[in-house]
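Chemist: Handing over protein_39.cif, mmCIF, C-alpha atoms and all ligand atoms.
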data_input
loop_
_atom_site.label_atom_id
_atom_site.label_comp_id
_atom_site.auth_asym_id
_atom_site.auth_seq_id
_atom_site.Cartn_x
_atom_site.Cartn_y
_atom_site.Cartn_z
CA MET A 1 113.51 109.09 92.40
CA SER A 2 112.00 107.58 95.54
CA ALA A 3 109.72 104.61 95.09
CA GLU A 4 106.02 104.52 95.69
CA ILE A 5 105.34 102.16 98.59
CA ILE A 6 102.99 99.25 97.93
CA ASP A 7 100.69 99.24 100.95
CA GLY A 8 100.08 95.54 101.57
CA LYS A 9 97.92 96.26 104.61
CA GLN A 10 95.56 98.38 102.54
CA VAL A 11 95.37 95.89 99.65
CA ALA A 12 94.74 93.09 102.16
CA GLU A 13 92.00 95.10 103.86
CA ASP A 14 90.34 95.84 100.51
CA ILE A 15 90.27 92.11 99.68
CA ARG A 16 89.01 91.22 103.19
CA ASN A 17 86.17 93.73 102.82
CA GLU A 18 85.23 92.15 99.49
CA LEU A 19 85.31 88.71 101.14
CA LYS A 20 83.21 89.93 104.07
CA ALA A 21 80.54 91.05 101.60
CA THR A 22 80.69 87.66 99.82
CA VAL A 23 80.40 85.79 103.14
CA ALA A 24 77.34 87.90 104.03
CA GLU A 25 75.76 86.99 100.65
CA LEU A 26 76.52 83.30 101.25
CA LYS A 27 74.93 83.48 104.71
CA GLU A 28 71.67 84.58 103.07
CA LYS A 29 71.81 81.19 101.29
CA ASP A 30 72.52 79.46 104.64
CA ILE A 31 76.13 78.83 103.63
CA VAL A 32 78.81 79.55 106.23
CA PRO A 33 82.38 78.96 105.01
CA GLY A 34 84.36 76.93 107.55
CA LEU A 35 88.11 76.58 108.14
CA GLY A 36 89.54 73.70 110.16
CA VAL A 37 92.79 74.68 111.82
CA ILE A 38 95.20 72.13 113.30
CA LEU A 39 98.23 73.07 115.36
CA VAL A 40 100.46 70.37 116.83
CA GLY A 41 102.72 71.49 119.69
CA ALA A 42 103.29 74.83 121.33
CA ASP A 43 105.80 76.62 119.10
CA PRO A 44 105.19 80.32 119.92
CA ALA A 45 105.50 81.55 116.31
CA SER A 46 103.06 78.88 115.08
CA GLN A 47 100.68 79.68 117.93
CA SER A 48 100.60 83.33 117.01
CA TYR A 49 100.10 82.55 113.27
CA VAL A 50 97.20 80.24 114.14
CA THR A 51 95.62 82.81 116.45
CA ALA A 52 95.95 85.48 113.74
CA LYS A 53 94.27 83.15 111.23
CA GLU A 54 91.38 82.38 113.60
CA ARG A 55 90.83 86.09 114.38
CA ALA A 56 90.89 86.94 110.69
CA CYS A 57 88.23 84.26 110.04
CA GLU A 58 86.04 85.61 112.81
CA LYS A 59 86.26 89.18 111.50
CA ILE A 60 84.83 88.30 108.11
CA GLY A 61 82.33 85.70 109.32
CA ILE A 62 84.13 82.44 108.52
CA TYR A 63 83.51 79.65 111.03
CA SER A 64 86.75 78.22 112.40
CA ASP A 65 87.21 74.82 114.00
CA ASP A 66 90.25 75.23 116.21
CA ASN A 67 92.27 72.09 117.09
CA ARG A 68 95.34 72.61 119.24
CA LEU A 69 96.98 69.26 119.80
CA SER A 70 99.82 68.38 122.15
CA ALA A 71 103.37 67.97 120.85
CA GLU A 72 103.08 64.24 121.69
CA THR A 73 100.21 63.69 119.24
CA THR A 74 101.03 60.72 117.03
CA GLN A 75 100.87 60.81 113.26
CA ASP A 76 97.88 58.45 113.32
CA GLU A 77 96.00 60.69 115.76
CA LEU A 78 96.70 63.70 113.56
CA LEU A 79 95.56 61.80 110.47
CA GLN A 80 92.30 60.97 112.28
CA VAL A 81 91.64 64.67 112.89
CA VAL A 82 92.34 65.42 109.22
CA GLU A 83 89.99 62.61 108.18
CA ARG A 84 87.23 63.92 110.46
CA MET A 85 87.59 67.32 108.79
CA ASN A 86 87.69 65.76 105.31
CA ASN A 87 84.24 64.31 106.07
CA ASP A 88 82.76 67.32 107.88
CA PRO A 89 80.51 69.31 105.53
CA LYS A 90 80.88 72.40 107.76
CA ILE A 91 84.60 72.49 106.97
CA ASN A 92 85.54 73.88 103.54
CA GLY A 93 89.23 74.34 104.17
CA ILE A 94 91.81 72.45 106.23
CA LEU A 95 94.94 74.13 107.48
CA VAL A 96 97.67 72.12 109.14
CA GLN A 97 100.14 74.60 110.61
CA LEU A 98 103.71 73.80 109.54
CA PRO A 99 106.29 72.86 110.63
CA LEU A 100 105.07 69.68 112.32
CA PRO A 101 107.05 67.95 115.11
CA LYS A 102 109.87 65.77 113.78
CA HIS A 103 108.12 62.45 114.51
CA ILE A 104 105.34 63.32 112.02
CA ASP A 105 105.90 63.08 108.28
CA GLU A 106 104.70 66.34 106.74
CA ALA A 107 104.24 64.90 103.24
CA THR A 108 102.00 62.07 104.54
CA VAL A 109 99.78 64.56 106.38
CA LEU A 110 99.50 67.00 103.46
CA LEU A 111 98.64 64.08 101.16
CA ALA A 112 95.80 63.07 103.51
CA ILE A 113 93.98 66.38 103.09
CA ASN A 114 91.08 66.21 100.66
CA PRO A 115 92.34 68.28 97.66
CA ASP A 116 88.88 69.93 97.53
CA LYS A 117 89.67 71.40 100.98
CA ASP A 118 93.36 72.14 100.39
CA VAL A 119 93.16 75.90 101.03
CA ASP A 120 96.92 76.14 101.66
CA GLY A 121 97.54 74.83 98.13
CA PHE A 122 100.31 72.47 99.28
CA HIS A 123 98.72 69.12 98.24
CA PRO A 124 100.62 67.61 95.27
CA MET A 125 97.32 67.63 93.33
CA SER A 126 97.00 71.41 93.82
CA VAL A 127 100.67 71.96 92.98
CA GLY A 128 100.33 69.89 89.79
CA LYS A 129 97.19 71.73 88.70
CA MET A 130 98.86 75.08 89.33
CA MET A 131 101.82 73.94 87.24
CA ILE A 132 99.65 73.08 84.22
CA GLY A 133 97.49 76.19 84.65
CA GLU A 134 94.27 74.46 85.77
CA ASP A 135 91.89 75.99 88.31
CA THR A 136 92.93 75.02 91.81
CA PHE A 137 93.73 76.49 95.22
CA LEU A 138 96.80 78.67 94.76
CA PRO A 139 99.30 78.79 97.63
CA CYS A 140 98.69 81.84 99.81
CA THR A 141 101.97 83.79 99.88
CA PRO A 142 102.67 83.44 96.12
CA ASN A 143 99.06 84.28 95.29
CA GLY A 144 99.29 87.28 97.64
CA ILE A 145 102.32 88.50 95.68
CA VAL A 146 100.51 88.12 92.36
CA GLN A 147 97.48 90.00 93.76
CA LEU A 148 99.70 92.80 95.11
CA LEU A 149 101.24 93.26 91.66
CA ALA A 150 97.84 93.21 89.94
CA ARG A 151 96.19 95.61 92.37
CA SER A 152 99.16 97.99 92.16
CA GLY A 153 98.70 98.19 88.38
CA VAL A 154 102.02 96.45 87.60
CA GLU A 155 102.08 94.98 84.07
CA THR A 156 103.54 91.49 84.26
CA SER A 157 102.94 90.53 80.63
CA GLY A 158 106.31 90.55 78.86
CA ALA A 159 108.06 91.78 82.00
CA HIS A 160 111.26 90.12 83.14
CA VAL A 161 110.63 88.83 86.67
CA VAL A 162 113.62 87.67 88.69
CA VAL A 163 112.66 85.49 91.65
CA VAL A 164 115.36 85.02 94.31
CA GLY A 165 114.68 81.78 96.21
CA ARG A 166 113.37 78.40 95.05
CA SER A 167 111.45 77.08 98.06
CA ASN A 168 108.28 75.06 97.53
CA ILE A 169 106.20 77.60 99.45
CA VAL A 170 107.35 80.87 97.85
CA GLY A 171 109.98 80.89 95.08
CA LYS A 172 108.96 77.96 92.88
CA PRO A 173 105.19 78.57 92.99
CA VAL A 174 105.38 82.34 92.41
CA ALA A 175 107.75 81.78 89.47
CA ASN A 176 105.33 79.22 88.10
CA MET A 177 102.26 81.40 88.55
CA LEU A 178 103.86 84.37 86.80
CA LEU A 179 104.88 82.41 83.72
CA GLN A 180 101.39 81.00 83.10
CA LYS A 181 99.72 81.97 79.84
CA LYS A 182 96.99 84.05 81.45
CA GLU A 183 96.07 87.56 82.52
CA GLY A 184 98.14 88.84 85.43
CA ALA A 185 101.02 86.55 84.41
CA ASN A 186 102.73 86.04 80.99
CA ALA A 187 106.09 87.11 82.43
CA THR A 188 109.56 85.98 81.43
CA VAL A 189 110.81 84.43 84.65
CA THR A 190 114.33 83.83 85.93
CA LEU A 191 114.60 81.78 89.12
CA CYS A 192 117.76 82.30 91.20
CA HIS A 193 119.16 80.46 94.23
CA THR A 194 122.38 79.99 96.17
CA ARG A 195 124.11 78.25 93.24
CA THR A 196 123.31 81.14 90.89
CA LYS A 197 126.57 82.70 89.69
CA ASP A 198 126.56 86.49 90.05
CA LEU A 199 123.02 87.16 91.31
CA GLY A 200 123.37 90.87 90.47
CA HIS A 201 123.87 90.04 86.79
CA PHE A 202 120.29 88.73 86.77
CA THR A 203 118.61 91.15 89.18
CA ARG A 204 119.98 94.17 87.26
CA GLN A 205 118.03 92.95 84.20
CA ALA A 206 114.78 92.59 86.15
CA ASP A 207 111.69 94.71 85.65
CA ILE A 208 110.28 93.01 88.75
CA ILE A 209 112.31 91.43 91.57
CA ILE A 210 110.71 89.03 94.03
CA ALA A 211 113.11 88.54 96.94
CA ALA A 212 112.50 85.40 99.00
CA SER A 213 115.93 84.34 100.23
CA GLY A 214 115.38 84.69 103.98
CA TRP A 215 118.54 86.81 104.42
CA PRO A 216 118.75 90.57 105.01
CA ASN A 217 120.44 92.66 102.29
CA THR A 218 120.33 89.91 99.66
CA ILE A 219 119.29 92.68 97.27
CA THR A 220 121.29 95.91 97.48
CA ALA A 221 120.98 99.12 95.44
CA ASP A 222 123.83 98.21 93.06
CA MET A 223 121.88 95.05 92.11
CA VAL A 224 118.79 96.80 90.71
CA LYS A 225 118.04 99.02 87.74
CA GLU A 226 116.19 102.35 87.92
CA GLY A 227 112.41 101.95 87.87
CA VAL A 228 112.32 98.33 89.06
CA VAL A 229 109.34 96.95 91.01
CA VAL A 230 110.49 95.17 94.18
CA ILE A 231 108.46 92.69 96.19
CA ASP A 232 110.23 91.79 99.42
CA VAL A 233 108.92 88.54 100.88
CA GLY A 234 111.60 88.15 103.55
CA VAL A 235 110.91 88.36 107.25
CA ASN A 236 114.12 88.57 109.28
CA ARG A 237 114.58 89.51 112.93
CA VAL A 238 117.42 91.89 113.70
CA GLU A 239 118.42 93.05 117.17
CA ASP A 240 117.12 96.49 118.06
CA SER A 241 117.60 97.64 121.64
CA SER A 242 115.43 100.71 120.98
CA ARG A 243 112.40 98.42 120.73
CA GLU A 244 110.75 97.03 123.83
CA ARG A 245 110.86 93.48 122.42
CA GLY A 246 114.57 93.89 121.54
CA TYR A 247 114.27 93.28 117.80
CA ARG A 248 112.63 94.55 114.64
CA LEU A 249 111.63 92.85 111.41
CA ILE A 250 113.33 93.57 108.11
CA GLY A 251 113.08 92.02 104.68
CA ASP A 252 115.62 90.57 102.26
CA VAL A 253 116.07 93.89 100.47
CA ASP A 254 118.14 96.89 101.57
CA PHE A 255 114.93 98.92 101.64
CA ASP A 256 116.31 102.44 102.28
CA ALA A 257 118.84 102.31 99.45
CA VAL A 258 116.79 100.30 96.95
CA LYS A 259 113.71 102.51 97.31
CA GLU A 260 115.75 105.40 95.85
CA LYS A 261 116.01 103.53 92.54
CA ALA A 262 112.79 101.54 92.45
CA ALA A 263 109.44 102.67 91.04
CA LEU A 264 107.45 100.56 93.50
CA ILE A 265 108.52 98.61 96.57
CA THR A 266 106.87 96.66 99.39
CA PRO A 267 107.87 97.43 102.99
CA VAL A 268 108.55 94.85 105.70
CA PRO A 269 106.40 94.65 107.71
CA GLY A 270 103.25 95.76 105.92
CA GLY A 271 103.92 94.41 102.42
CA VAL A 272 103.52 90.73 101.54
CA GLY A 273 102.83 89.63 105.14
CA PRO A 274 99.20 90.82 105.43
CA MET A 275 98.39 89.20 102.07
CA THR A 276 99.18 85.63 103.14
CA ILE A 277 96.31 85.21 105.62
CA THR A 278 94.04 87.19 103.30
CA MET A 279 94.56 84.66 100.51
CA LEU A 280 93.85 81.83 102.97
CA LEU A 281 90.48 83.46 103.67
CA PHE A 282 90.00 83.90 99.91
CA ASN A 283 90.62 80.18 99.30
CA THR A 284 88.25 79.18 102.13
CA VAL A 285 85.43 81.29 100.69
CA LEU A 286 86.21 79.96 97.20
CA SER A 287 86.02 76.39 98.54
CA ALA A 288 82.64 77.06 100.18
CA LYS A 289 81.33 78.45 96.90
CA ARG A 290 82.64 75.46 94.94
CA ALA A 291 81.16 73.00 97.45
CA ASN A 292 77.76 74.64 96.87
CA GLY A 293 78.05 74.86 93.08
CA ILE A 294 78.46 78.66 93.09
CA ASP A 295 81.12 80.16 90.79
P1 LIG B 301 113.67 79.03 102.41
O1 LIG B 301 112.92 77.77 102.35
O2 LIG B 301 114.78 79.20 103.39
O3 LIG B 301 114.27 79.28 100.95
C1 LIG B 301 115.16 80.33 100.68
C2 LIG B 301 115.58 80.25 99.25
O4 LIG B 301 116.43 81.37 98.98
C3 LIG B 301 116.38 79.01 98.90
O5 LIG B 301 115.95 78.51 97.65
C4 LIG B 301 117.83 79.49 98.82
O6 LIG B 301 118.57 78.82 97.83
C5 LIG B 301 117.63 80.93 98.37
N1 LIG B 301 118.70 81.82 98.82
C6 LIG B 301 119.13 82.04 100.09
N2 LIG B 301 120.13 82.95 100.10
C7 LIG B 301 120.34 83.30 98.82
C8 LIG B 301 121.24 84.19 98.17
N3 LIG B 301 122.12 84.90 98.86
N4 LIG B 301 121.17 84.31 96.83
C9 LIG B 301 120.28 83.60 96.12
N5 LIG B 301 119.38 82.74 96.67
C10 LIG B 301 119.43 82.61 98.00
O7 LIG B 301 112.72 80.28 102.62
P2 LIG B 301 111.17 80.52 102.27
O8 LIG B 301 110.33 79.65 103.09
O9 LIG B 301 110.99 80.51 100.78
O10 LIG B 301 111.03 82.01 102.77
C11 LIG B 301 111.80 83.06 102.25
C12 LIG B 301 111.61 84.30 103.12
O11 LIG B 301 110.25 84.69 103.03
C13 LIG B 301 111.86 84.08 104.62
O12 LIG B 301 112.40 85.27 105.17
C14 LIG B 301 110.49 83.81 105.18
O13 LIG B 301 110.40 84.19 106.55
C15 LIG B 301 109.67 84.73 104.32
N6 LIG B 301 108.26 84.32 104.19
C16 LIG B 301 107.33 85.28 104.39
C17 LIG B 301 105.97 84.95 104.26
C18 LIG B 301 104.96 86.00 104.47
O14 LIG B 301 103.79 85.70 104.63
N7 LIG B 301 105.34 87.28 104.47
C19 LIG B 301 105.59 83.66 103.93
C20 LIG B 301 106.58 82.70 103.67
C21 LIG B 301 107.92 83.06 103.81
P3 LIG B 301 118.93 77.24 97.90
O15 LIG B 301 117.68 76.53 97.47
O16 LIG B 301 120.02 77.07 96.93
O17 LIG B 301 119.30 76.95 99.34
#
Please re-express this file's structure in structure tokens.
Modeler:
Amino acid sequence: MSAEIIDGKQVAEDIRNELKATVAELKEKDIVPGLGVILVGADPASQSYVTAKERACEKIGIYSDDNRLSAETTQDELLQVVERMNNDPKINGILVQLPLPKHIDEATVLLAINPDKDVDGFHPMSVGKMMIGEDTFLPCTPNGIVQLLARSGVETSGAHVVVVGRSNIVGKPVANMLLQKKEGANATVTLCHTRTKDLGHFTRQADIIIAASGWPNTITADMVKEGVVVIDVGVNRVEDSSRERGYRLIGDVDFDAVKEKAALITPVPGGVGPMTITMLLFNTVLSAKRANGID
């Protein structure tokens, strides 16, 4: 059996089209969702993420307030920009691109963002609400994974989900979201990490594997059962002299071998990646609706 490929680009485009229609409806009510973007420094990867986010906003009609600050920006100066955005009614969502330079304390900055504008879902208030199942802004990559599963018709209720990786931005939140007592969740979740003894013992029992280790080939074919659903979150660069840029991107899963046993699998690139920015747009539109009392 060869797996069906989950087309993250297509799912992301479907959601963006839905959002574009919602933004057009909001504009008829004179509401324009706005995203404030802050980048400190000139890290090339961060610059390209921020540019991609701004372009995505523009395409669906979200206003973006672009703030590219020098690497020497002090924490106080950054906090002033955040505060200006907290008080700007045109801004519904604030995105501080991480990582920040070492002289700035990330936790202090995230805490300064008004939780009502926390479209990244990283504020402790958002994390706490997510944990207890209250309405909040869900973090973008984990929410993208949950949406991919739902829109691919994967039943999570009663399924055994094995999450590999316990970071605060992927592993822990996606595990938490999938065990909530609500539609699209209700899974039995096992969370694995580097101290897990015999990872394969757990992954072989999984109906759904979410791989977020950050290492190629963390999941190999002997570690999965027939018919498993595999979501590969990993983005790893490997040398490839046949490509002009000298590398290609691969995930955390041995895709070619695992797809022969899986029922459904996400590719890298083109799986989870396109969903992350899409869910940021989703949260920004949601925030604009909430700010205007629209559900
Ligand atoms: P991270 O902070 O480095 O966390 C990796 C986690 O995986 C850690 O909890 C680590 O365990 C665990 N781990 C590493 N190797 C393992 C192994 N062999 N067996 C079991 N657990 C293992 O990474 P992250 O930020 O969560 O990101 C994970 C991957 O997703 C990366 O490749 C990243 O680039 C990618 N990513 C993609 C998107 C997207 O939009 N597509 C977004 C975010 C991240 P310990 O805690 O014990 O160290």
Chemist: Excluding Thr141 of chain A and any residue of its chain fewer than 3 positions from it, enumerate the residues within 9 Å of it, using all atoms listed in the file, and give them as a list of chain:residue names.
Modeler: A:Leu138, A:Gly144, A:Ile145, A:Val146, A:Ile169, A:Val170, A:Val174, A:Val233, A:Val272, A:Gly273, A:Met275, A:Thr276, A:Ile277, A:Met279, A:Leu280
Chemist: Between A:Ile208, A:Leu191, A:Leu149, A:Val285, which residue has the minimum interatomic distance to ligand LIG 301 (chain B), considering all atoms listed in the file?
Modeler: A:Leu191
Chemist: List the neighbours of segment 100-106 of chain A out to 7 Å using only C-alpha atoms; skip same-chain residues closer than 4 positions along the sequence, and give me the result as a PyMOL selection string.
Modeler: chain A and resi 40+71+75+110
Chemist: Using all atoms listed in the file, which residue out of A:Thr51, A:Thr203, A:Asn67, A:Ser126 lies closest to ligand LIG 301 (chain B)?
Modeler: A:Thr203
Chemist: May I have the protein, DNA and RNA residues with an atom at most 10 Å from (108.4, 100.8, 91.9), counting all atoms listed in the file in the file's coordinates, returned as number ranges by chain?
Modeler: A: 1-6, 152, 154, 207-208, 226-231, 258-266
